[in-house]
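Everything below belongs to coords-v1.txt, which stores compact mmCIF, C-alpha atoms.
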# COMPACT_ATOMS: atom_id res chain seq x y z
CA MET A 1 21.10 11.60 -3.10
CA THR A 2 18.68 8.76 -3.71
CA GLU A 3 15.74 9.06 -6.07
CA ILE A 4 13.44 9.38 -3.03
CA ASP A 5 15.53 12.20 -1.56
CA ILE A 6 15.47 14.03 -4.88
CA LEU A 7 11.76 13.44 -5.41
CA SER A 8 11.06 14.80 -1.95
CA LYS A 9 12.81 18.02 -2.96
CA LEU A 10 11.18 18.26 -6.39
CA VAL A 11 7.60 17.90 -5.13
CA SER A 12 8.20 20.66 -2.58
CA PHE A 13 8.22 23.16 -5.47
CA PRO A 14 4.49 23.83 -6.09
CA VAL A 15 4.93 24.82 -9.72
CA LEU A 16 1.58 24.68 -11.51
CA GLY A 17 1.30 24.76 -15.28
CA GLY A 18 1.45 28.37 -16.42
CA GLU A 19 3.41 29.54 -13.36
CA SER A 20 7.08 30.39 -13.02
CA ASN A 21 9.29 27.32 -12.65
CA LEU A 22 12.58 29.16 -12.08
CA GLU A 23 13.00 27.94 -8.50
CA ILE A 24 12.77 24.24 -9.38
CA ILE A 25 14.72 24.54 -12.64
CA HIS A 26 17.59 26.34 -10.88
CA TRP A 27 17.64 23.65 -8.19
CA ILE A 28 17.94 21.04 -10.95
CA LYS A 29 20.60 23.13 -12.70
CA ASP A 30 22.68 23.38 -9.51
CA TYR A 31 22.36 19.67 -8.85
CA VAL A 32 23.41 18.67 -12.37
CA GLU A 33 26.31 21.12 -12.45
CA SER A 34 27.53 19.83 -9.06
CA HIS A 35 28.40 16.67 -10.97
CA GLY A 36 30.52 18.55 -13.49
CA ILE A 37 27.93 18.75 -16.27
CA THR A 38 27.27 22.00 -18.11
CA THR A 39 23.60 22.90 -18.42
CA THR A 40 21.77 25.27 -20.74
CA LEU A 41 18.57 27.12 -19.86
CA VAL A 42 15.98 28.02 -22.50
CA PRO A 43 13.92 30.90 -21.03
CA ASN A 44 10.54 32.06 -22.21
CA LYS A 45 10.08 35.59 -23.57
CA ASN A 46 9.15 37.02 -20.17
CA GLY A 47 12.09 35.38 -18.44
CA ASP A 48 9.94 33.88 -15.68
CA LYS A 49 10.14 30.29 -16.93
CA ALA A 50 12.85 28.12 -18.43
CA SER A 51 13.51 24.68 -19.83
CA LEU A 52 16.84 22.95 -19.24
CA HIS A 53 18.96 20.67 -21.35
CA CYS A 54 22.41 19.16 -20.98
CA ARG A 55 24.63 16.46 -22.44
CA ILE A 56 26.38 13.73 -20.49
CA GLY A 57 29.02 11.95 -22.54
CA PRO A 58 30.78 12.54 -25.85
CA ALA A 59 29.66 14.81 -28.68
CA VAL A 60 28.85 12.03 -31.11
CA ASP A 61 25.73 11.13 -33.05
CA GLY A 62 23.24 8.54 -31.85
CA GLY A 63 22.55 9.59 -28.26
CA VAL A 64 19.40 9.31 -26.16
CA ILE A 65 17.30 12.18 -24.78
CA LEU A 66 15.54 11.68 -21.43
CA SER A 67 12.57 14.07 -21.41
CA GLY A 68 10.45 15.28 -18.51
CA HIS A 69 8.46 18.31 -17.39
CA THR A 70 8.68 20.35 -14.19
CA ASP A 71 5.08 21.59 -13.81
CA VAL A 72 2.07 19.90 -12.23
CA VAL A 73 -1.72 20.30 -12.26
CA PRO A 74 -3.61 22.15 -9.50
CA VAL A 75 -4.79 20.58 -6.23
CA GLU A 76 -7.56 23.10 -5.59
CA GLY A 77 -10.94 21.43 -5.08
CA GLN A 78 -9.42 18.01 -4.41
CA GLU A 79 -9.66 16.26 -1.05
CA TRP A 80 -6.09 15.33 -0.12
CA SER A 81 -5.44 13.36 3.04
CA THR A 82 -1.87 14.72 3.19
CA ASN A 83 0.01 17.87 2.21
CA PRO A 84 0.16 17.56 -1.61
CA PHE A 85 3.53 19.34 -1.77
CA GLU A 86 5.28 17.16 0.77
CA LEU A 87 6.41 13.63 -0.08
CA ILE A 88 4.61 11.32 2.34
CA ASP A 89 5.52 7.69 3.02
CA LYS A 90 2.50 5.94 4.55
CA GLY A 91 4.32 2.64 4.88
CA ASP A 92 2.31 0.96 2.10
CA GLY A 93 5.11 1.01 -0.46
CA ASN A 94 3.86 4.22 -2.10
CA LEU A 95 5.03 7.84 -1.97
CA TYR A 96 2.28 10.47 -1.99
CA ALA A 97 2.51 14.00 -3.39
CA ARG A 98 1.37 16.08 -6.33
CA GLY A 99 3.74 15.29 -9.19
CA SER A 100 5.12 12.13 -7.61
CA CYS A 101 3.68 10.18 -10.53
CA ASP A 102 3.22 12.88 -13.18
CA MET A 103 6.09 13.29 -13.66
CA LYS A 104 8.64 14.39 -11.13
CA GLY A 105 9.24 10.73 -10.31
CA PHE A 106 10.93 10.27 -13.68
CA VAL A 107 12.95 13.47 -13.33
CA ALA A 108 14.10 12.31 -9.88
CA CYS A 109 15.21 8.98 -11.34
CA CYS A 110 17.20 10.73 -14.07
CA LEU A 111 18.97 12.89 -11.50
CA ALA A 112 19.59 9.95 -9.15
CA ALA A 113 21.25 8.02 -11.98
CA LEU A 114 23.40 11.00 -13.04
CA PRO A 115 26.47 10.01 -10.92
CA ASP A 116 26.51 6.62 -12.65
CA MET A 117 26.30 8.30 -16.07
CA VAL A 118 29.23 10.58 -15.21
CA LYS A 119 31.34 7.63 -14.07
CA ALA A 120 30.45 5.51 -17.10
CA ASP A 121 32.65 5.48 -20.17
CA LEU A 122 29.82 6.54 -22.43
CA LYS A 123 30.38 5.93 -26.14
CA LYS A 124 27.06 7.63 -26.96
CA PRO A 125 25.69 10.63 -25.01
CA ILE A 126 22.65 10.92 -22.78
CA TYR A 127 20.79 14.21 -22.71
CA PHE A 128 18.39 15.66 -20.15
CA ALA A 129 15.53 17.77 -21.53
CA PHE A 130 13.26 19.20 -18.83
CA SER A 131 10.47 21.58 -19.87
CA TYR A 132 7.85 23.92 -18.38
CA ASP A 133 4.11 24.33 -19.10
CA GLU A 134 3.54 20.78 -20.30
CA GLU A 135 0.34 20.57 -18.29
CA VAL A 136 -1.22 23.57 -20.04
CA GLY A 137 -0.59 22.52 -23.64
CA CYS A 138 2.92 21.10 -24.06
CA LEU A 139 3.95 24.70 -24.74
CA ALA A 140 7.72 24.64 -24.18
CA ALA A 141 8.76 21.43 -25.95
CA PRO A 142 9.00 22.80 -29.53
CA GLU A 143 11.38 25.59 -28.51
CA LEU A 144 13.35 23.22 -26.27
CA ILE A 145 13.78 20.74 -29.12
CA GLU A 146 14.86 23.49 -31.50
CA HIS A 147 17.37 24.80 -28.97
CA ILE A 148 18.85 21.34 -28.43
CA GLN A 149 19.35 20.94 -32.15
CA LYS A 150 21.04 24.33 -32.43
CA THR A 151 23.27 23.86 -29.38
CA TYR A 152 24.90 20.52 -30.13
CA SER A 153 26.88 19.81 -33.30
CA GLU A 154 26.00 16.12 -33.06
CA GLU A 155 22.51 14.67 -33.45
CA ALA A 156 20.69 12.61 -30.86
CA GLN A 157 18.74 9.73 -32.36
CA TYR A 158 16.35 8.60 -29.63
CA ALA A 159 14.07 10.11 -26.99
CA ILE A 160 12.45 8.53 -23.96
CA ILE A 161 9.58 10.61 -22.60
CA GLY A 162 9.09 9.62 -18.97
CA GLU A 163 5.32 9.91 -18.57
CA ALA A 164 3.78 7.36 -16.24
CA SER A 165 3.49 4.00 -18.01
CA MET A 166 4.30 1.45 -15.27
CA MET A 167 7.67 1.16 -17.03
CA HIS A 168 6.08 -0.36 -20.13
CA PRO A 169 6.79 1.14 -23.57
CA ILE A 170 4.07 3.37 -25.05
CA ILE A 171 4.38 3.57 -28.83
CA GLY A 172 1.42 5.77 -29.68
CA GLN A 173 -0.50 8.76 -28.40
CA LYS A 174 -3.40 10.60 -29.94
CA GLY A 175 -2.97 14.17 -31.05
CA ILE A 176 -5.08 16.78 -29.28
CA TYR A 177 -6.56 20.19 -30.00
CA ILE A 178 -9.22 22.10 -28.05
CA MET A 179 -11.05 25.14 -29.39
CA ASP A 180 -13.67 27.54 -28.05
CA VAL A 181 -16.44 28.41 -30.50
CA TYR A 182 -18.38 31.67 -30.03
CA VAL A 183 -21.62 32.31 -31.94
CA ASN A 184 -23.01 35.85 -32.21
CA GLY A 185 -26.70 35.96 -33.20
CA SER A 186 -29.53 38.43 -32.85
CA ALA A 187 -31.80 38.84 -29.84
CA GLY A 188 -35.56 38.95 -30.18
CA HIS A 189 -38.91 37.53 -29.14
CA SER A 190 -39.06 33.74 -29.40
CA SER A 191 -42.05 34.01 -31.77
CA ARG A 192 -39.71 35.63 -34.34
CA ILE A 193 -37.33 32.69 -34.55
CA LYS A 194 -37.42 32.72 -38.37
CA GLN A 195 -36.86 36.48 -38.54
CA GLU A 196 -33.82 36.42 -36.25
CA VAL A 197 -30.67 34.31 -35.97
CA SER A 198 -30.53 32.22 -32.81
CA ALA A 199 -27.02 31.69 -31.56
CA ILE A 200 -28.13 28.49 -29.82
CA HIS A 201 -29.78 27.06 -32.93
CA GLU A 202 -26.67 27.83 -34.97
CA ALA A 203 -24.40 26.34 -32.31
CA ALA A 204 -26.55 23.21 -32.43
CA LYS A 205 -26.06 22.99 -36.22
CA LEU A 206 -22.31 23.25 -35.72
CA ILE A 207 -22.41 20.46 -33.13
CA VAL A 208 -24.40 18.23 -35.48
CA TRP A 209 -21.75 18.90 -38.15
CA ILE A 210 -19.07 17.91 -35.61
CA GLU A 211 -20.89 14.65 -34.83
CA ASN A 212 -21.25 13.86 -38.53
CA LYS A 213 -17.60 14.70 -39.14
CA MET A 214 -16.54 12.24 -36.46
CA ASP A 215 -18.71 9.51 -38.03
CA ASP A 216 -17.14 10.27 -41.40
CA LEU A 217 -13.64 9.94 -39.94
CA ILE A 218 -14.59 6.66 -38.28
CA SER A 219 -15.80 5.27 -41.60
CA LYS A 220 -12.49 6.12 -43.28
CA ASN A 221 -9.78 5.42 -40.71
CA SER A 222 -9.30 3.32 -37.61
CA ASP A 223 -6.36 2.21 -35.50
CA ASP A 224 -6.94 -0.77 -33.24
CA ARG A 225 -3.94 0.17 -31.10
CA PHE A 226 -6.11 2.87 -29.49
CA GLN A 227 -9.29 2.82 -27.44
CA PRO A 228 -11.49 4.06 -28.94
CA PRO A 229 -9.82 3.05 -32.24
CA HIS A 230 -10.75 6.29 -33.99
CA SER A 231 -10.47 10.05 -33.76
CA SER A 232 -12.95 11.66 -31.38
CA LEU A 233 -14.64 15.06 -31.65
CA HIS A 234 -16.41 15.98 -28.42
CA VAL A 235 -18.33 19.02 -27.19
CA GLY A 236 -17.98 19.07 -23.43
CA GLN A 237 -19.27 22.52 -22.50
CA MET A 238 -22.01 24.76 -23.89
CA LYS A 239 -23.64 27.98 -22.69
CA GLY A 240 -26.10 30.44 -24.19
CA GLY A 241 -29.39 32.28 -23.85
CA ILE A 242 -31.11 34.15 -21.03
CA ALA A 243 -34.74 32.92 -21.09
CA ALA A 244 -37.07 30.45 -22.80
CA ASN A 245 -38.93 33.20 -24.64
CA VAL A 246 -35.86 35.20 -25.77
CA ILE A 247 -33.91 34.30 -28.90
CA ALA A 248 -30.29 33.80 -27.82
CA ASP A 249 -27.87 36.32 -29.25
CA GLN A 250 -24.86 34.56 -27.72
CA ALA A 251 -23.75 30.95 -27.44
CA TRP A 252 -20.44 29.27 -26.69
CA PHE A 253 -19.12 25.72 -26.66
CA THR A 254 -15.82 23.86 -26.47
CA LEU A 255 -14.64 21.30 -29.01
CA ASP A 256 -12.12 18.66 -27.91
CA ILE A 257 -10.44 16.85 -30.83
CA ARG A 258 -8.25 13.78 -30.28
CA ILE A 259 -6.93 12.26 -33.46
CA ILE A 260 -5.30 9.00 -34.38
CA PRO A 261 -2.06 9.34 -36.37
CA LYS A 262 -3.81 8.47 -39.65
CA ASP A 263 -6.07 11.55 -39.52
CA ASP A 264 -5.13 15.13 -40.39
CA LEU A 265 -5.90 17.68 -37.66
CA GLU A 266 -5.36 20.68 -39.92
CA ALA A 267 -7.82 19.27 -42.46
CA ILE A 268 -10.46 18.76 -39.76
CA ILE A 269 -10.06 22.33 -38.52
CA SER A 270 -10.11 23.67 -42.08
CA ASP A 271 -13.34 21.79 -42.90
CA PHE A 272 -15.01 23.04 -39.73
CA THR A 273 -13.92 26.62 -40.41
CA ALA A 274 -15.26 26.39 -43.96
CA PHE A 275 -18.65 25.22 -42.67
CA CYS A 276 -18.73 28.15 -40.22
CA ARG A 277 -18.09 30.59 -43.07
CA GLN A 278 -20.88 28.97 -45.10
CA ARG A 279 -23.35 29.48 -42.24
CA GLU A 280 -22.29 33.11 -41.91
CA GLU A 281 -22.76 33.77 -45.62
CA LEU A 282 -26.16 32.08 -45.59
CA LEU A 283 -27.51 34.10 -42.64
CA HIS A 284 -25.96 37.51 -43.22
CA PRO A 285 -29.04 38.64 -45.24
CA ILE A 286 -31.14 38.07 -42.08
CA PHE A 287 -28.59 39.48 -39.60
CA PRO A 288 -25.45 41.11 -41.06
CA ASP A 289 -23.58 40.91 -37.74
CA PHE A 290 -23.99 37.13 -37.43
CA LYS A 291 -20.54 35.73 -36.69
CA ILE A 292 -18.88 32.48 -35.64
CA GLU A 293 -15.51 32.98 -33.94
CA ILE A 294 -13.05 30.19 -33.21
CA LYS A 295 -10.44 30.66 -30.48
CA GLU A 296 -7.68 28.25 -29.52
CA ASN A 297 -8.10 26.81 -26.04
CA HIS A 298 -5.38 24.12 -26.07
CA PRO A 299 -2.70 24.34 -28.76
CA PRO A 300 -2.35 21.42 -31.17
CA VAL A 301 -0.17 18.58 -29.90
CA PRO A 302 0.83 16.07 -32.59
CA PRO A 303 0.23 12.35 -32.20
CA LEU A 304 2.96 9.78 -31.63
CA ASP A 305 3.12 6.91 -34.10
CA ALA A 306 6.15 4.79 -33.24
CA SER A 307 6.80 1.32 -34.57
CA ALA A 308 6.72 -1.62 -32.21
CA ASP A 309 9.81 -2.82 -34.08
CA SER A 310 11.79 0.36 -33.54
CA LYS A 311 15.18 0.05 -31.87
CA ILE A 312 14.28 2.24 -28.89
CA VAL A 313 11.16 0.19 -28.13
CA LYS A 314 13.14 -3.03 -28.28
CA THR A 315 15.82 -1.46 -26.08
CA ILE A 316 13.23 -0.52 -23.44
CA GLY A 317 12.19 -4.18 -23.43
CA GLU A 318 15.76 -5.30 -22.96
CA LEU A 319 16.39 -2.79 -20.16
CA THR A 320 13.17 -3.39 -18.21
CA GLY A 321 12.00 -6.85 -19.23
CA ASN A 322 8.72 -5.23 -20.31
CA TYR A 323 8.17 -6.05 -23.98
CA GLU A 324 4.40 -5.56 -24.07
CA TRP A 325 3.63 -2.14 -25.57
CA SER A 326 0.47 -0.07 -25.51
CA THR A 327 -0.90 3.33 -26.57
CA VAL A 328 -2.51 6.26 -24.75
CA ALA A 329 -5.10 8.93 -25.51
CA TYR A 330 -3.59 11.68 -23.34
CA ALA A 331 -1.37 14.44 -24.74
CA ALA A 332 2.37 14.38 -24.08
CA GLU A 333 5.53 15.81 -25.57
CA ALA A 334 6.38 12.55 -27.34
CA GLY A 335 4.70 13.57 -30.60
CA GLN A 336 6.66 16.82 -30.59
CA PHE A 337 9.97 15.00 -30.12
CA ALA A 338 8.99 12.59 -32.88
CA ASN A 339 8.26 15.55 -35.17
CA GLY A 340 11.73 16.82 -34.24
CA GLY A 341 13.21 13.75 -35.90
CA TYR A 342 13.79 11.49 -32.90
CA GLU A 343 12.81 7.86 -32.55
CA CYS A 344 10.50 8.14 -29.54
CA VAL A 345 8.88 6.05 -26.89
CA ILE A 346 7.02 6.90 -23.68
CA CYS A 347 8.23 5.02 -20.60
CA GLY A 348 8.22 6.12 -16.98
CA PRO A 349 7.38 5.11 -13.40
CA GLY A 350 3.88 5.04 -11.98
CA SER A 351 0.38 4.56 -13.33
CA ILE A 352 -1.38 7.27 -15.31
CA SER A 353 -4.51 6.34 -13.33
CA MET A 354 -2.87 8.02 -10.33
CA ALA A 355 -2.13 11.29 -12.15
CA HIS A 356 -4.18 14.49 -11.72
CA ARG A 357 -6.08 13.15 -8.72
CA ALA A 358 -6.09 13.60 -4.96
CA ASP A 359 -3.53 11.51 -3.07
CA GLU A 360 -1.46 11.00 -6.22
CA TYR A 361 1.30 8.49 -5.62
CA VAL A 362 4.12 6.51 -7.17
CA SER A 363 5.40 3.24 -5.76
CA LYS A 364 8.94 2.89 -4.47
CA GLN A 365 9.28 -0.21 -6.62
CA GLN A 366 8.47 1.75 -9.77
CA LEU A 367 11.11 4.33 -8.90
CA THR A 368 13.66 1.58 -8.31
CA GLU A 369 12.84 0.00 -11.65
CA CYS A 370 13.16 3.35 -13.42
CA VAL A 371 16.58 4.12 -11.92
CA GLN A 372 17.71 0.62 -12.86
CA MET A 373 16.53 1.18 -16.45
CA ILE A 374 18.48 4.43 -16.74
CA ARG A 375 21.61 2.92 -15.20
CA LYS A 376 21.37 -0.04 -17.59
CA LEU A 377 20.95 2.42 -20.46
CA ALA A 378 24.17 4.16 -19.41
CA HIS A 379 25.92 0.79 -19.28
CA LYS A 380 24.58 -0.09 -22.72
CA LEU A 381 25.76 3.22 -24.16
CA SER A 382 29.17 2.56 -22.66
CA ASP A 383 29.35 -0.61 -24.71
CA GLN A 384 27.38 -0.26 -27.92
CA PHE A 385 23.93 0.79 -29.02

Any chance you could put this one into structure tokens?
Amino acid sequence: MTEIDILSKLVSFPVLGGESNLEIIHWIKDYVESHGITTTLVPNKNGDKASLHCRIGPAVDGGVILSGHTDVVPVEGQEWSTNPFELIDKGDGNLYARGSCDMKGFVACCLAALPDMVKADLKKPIYFAFSYDEEVGCLAAPELIEHIQKTYSEEAQYAIIGEASMMHPIIGQKGIYIMDVYVNGSAGHSSRIKQEVSAIHEAAKLIVWIENKMDDLISKNSDDRFQPPHSSLHVGQMKGGIAANVIADQAWFTLDIRIIPKDDLEAIISDFTAFCRQREELLHPIFPDFKIEIKENHPPVPPLDASADSKIVKTIGELTGNYEWSTVAYAAEAGQFANGGYECVICGPGSISMAHRADEYVSKQQLTECVQMIRKLAHKLSDQF
């Protein structure tokens, strides 16, 4: 099967983040095992989702992991001109479908190159690592990484995460964490604002603290590889109150944190939590039930901080001819693989500007270049690496 044939099959599985992916993962399992490769599934606790990993080649140290995810984002509310779960060729050199770019295109290229890997006399192994629920928080990668390390006696050294990058190496990603903040105040007449605790006023104080914290981080650390070159703390949603003349007893807002590798996410969260506790202690004499509650919305995803001089980045340049690297602000599993001890880089077909939008597409040329990169990698691992 060609990469286009495989991609056509993969996009026909409408697996959204958070939903069961068993149908697509079992199709991948059957395909891989039809080429004589043993696969291992890593199910979730409920048994309705699973990641997959396998090894092609010898059980020796120094191999390369090819990482992708099987879920996609929703299409609801978007104006598609075609069926989003059918691969459409409009004759313009592009292939349209949800997931064609992010990131079933890369998975299809891995599977299309599998026969060449099997035939190659690999001196170092290649591993597939395909996860679930990446689009809702990169949830499965930590367990998948741990399972890989427990399953194989040897140790892989490198990981290529196939997010869309136009086949250019990505050496850095910002870390991400999103929290929901709930403020419980006391209701009352607006004329009694000093005798009550307004949830909206307190939420506003928290937001001012967040803005000041971001300015403090900017003054201390920057990284010109990113745009913007600093960590960002952003409140994107806020709700509260019922009328202009009623003191709000409830307020809620979201906090989106995206950090550069130099900054410490846990320290930021700890400082914010400490400020919340200070506000509670200060206002409890006025309203004993005043409370600020923090709930996780998007789990923390660590940043990626690879070196432009790392061997895997240089190898991507040699395999693709693309030596110019860049960084991204979106979350991906690369930081998790890096935390697992692998030398990581992001490199995959398609443009991230096409992801998560109506009429998502990947070009045929990008798919061809990706398959060629993986085949060249297999050839390189058959020689030396």

Compare A:Asp249, A:His189, A:Ile294, A:Arg225 by their minimum atom-to-atom distance to Leu206 in chain A, counting all atoms listed in the file, and give me the closest one.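 Of all the options, A:Ile294 lies closest to Leu206 in chain A.
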
Atomic distance CA of Met1 in chain A - CA of Leu111 in chain A, expressed in Å with one decimal: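 A separation of 8.8 Å between them.
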
Rank A:Asn221, A:Ser186, A:Thr2, A:Gln149 by their smallest atom-to-atom distance to Cys54 in chain A, using all atoms listed in the file, and report the top residue only.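 Checking each of A:Asn221, A:Ser186, A:Thr2, A:Gln149 against Cys54 in chain A, counting all atoms listed in the file, the winner is A:Gln149.
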
Within 8 Å of range 370-378 of chain A, counting only C-alpha atoms, which residues show up once you throw out same-chain ones fewer than 4 positions away? Write them as a ChimeraX atom specification, please. /A:3,106,109-110,112-113,116-117,120,122,126,167,316,319-320,348-349,366,382

Report the centre and edge lengths, in Å to one decimal, of an axis-aligned box enclosing every atom of range 329-342 of chain A listed in the file, padded by 3 Å on each side, as AutoDock Vina command-line options.
--center_x 4.3 --center_y 12.9 --center_z -29.6 --size_x 24.9 --size_y 13.9 --size_z 18.6

Out of A:Pro285, A:Glu333, A:Lys123, A:Lys174, which residue has the shortest atom-to-atom distance to Asp264 in chain A when counting all atoms listed in the file?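 Going through A:Pro285, A:Glu333, A:Lys123, A:Lys174 one by one, the smallest distance to Asp264 in chain A is for A:Lys174.
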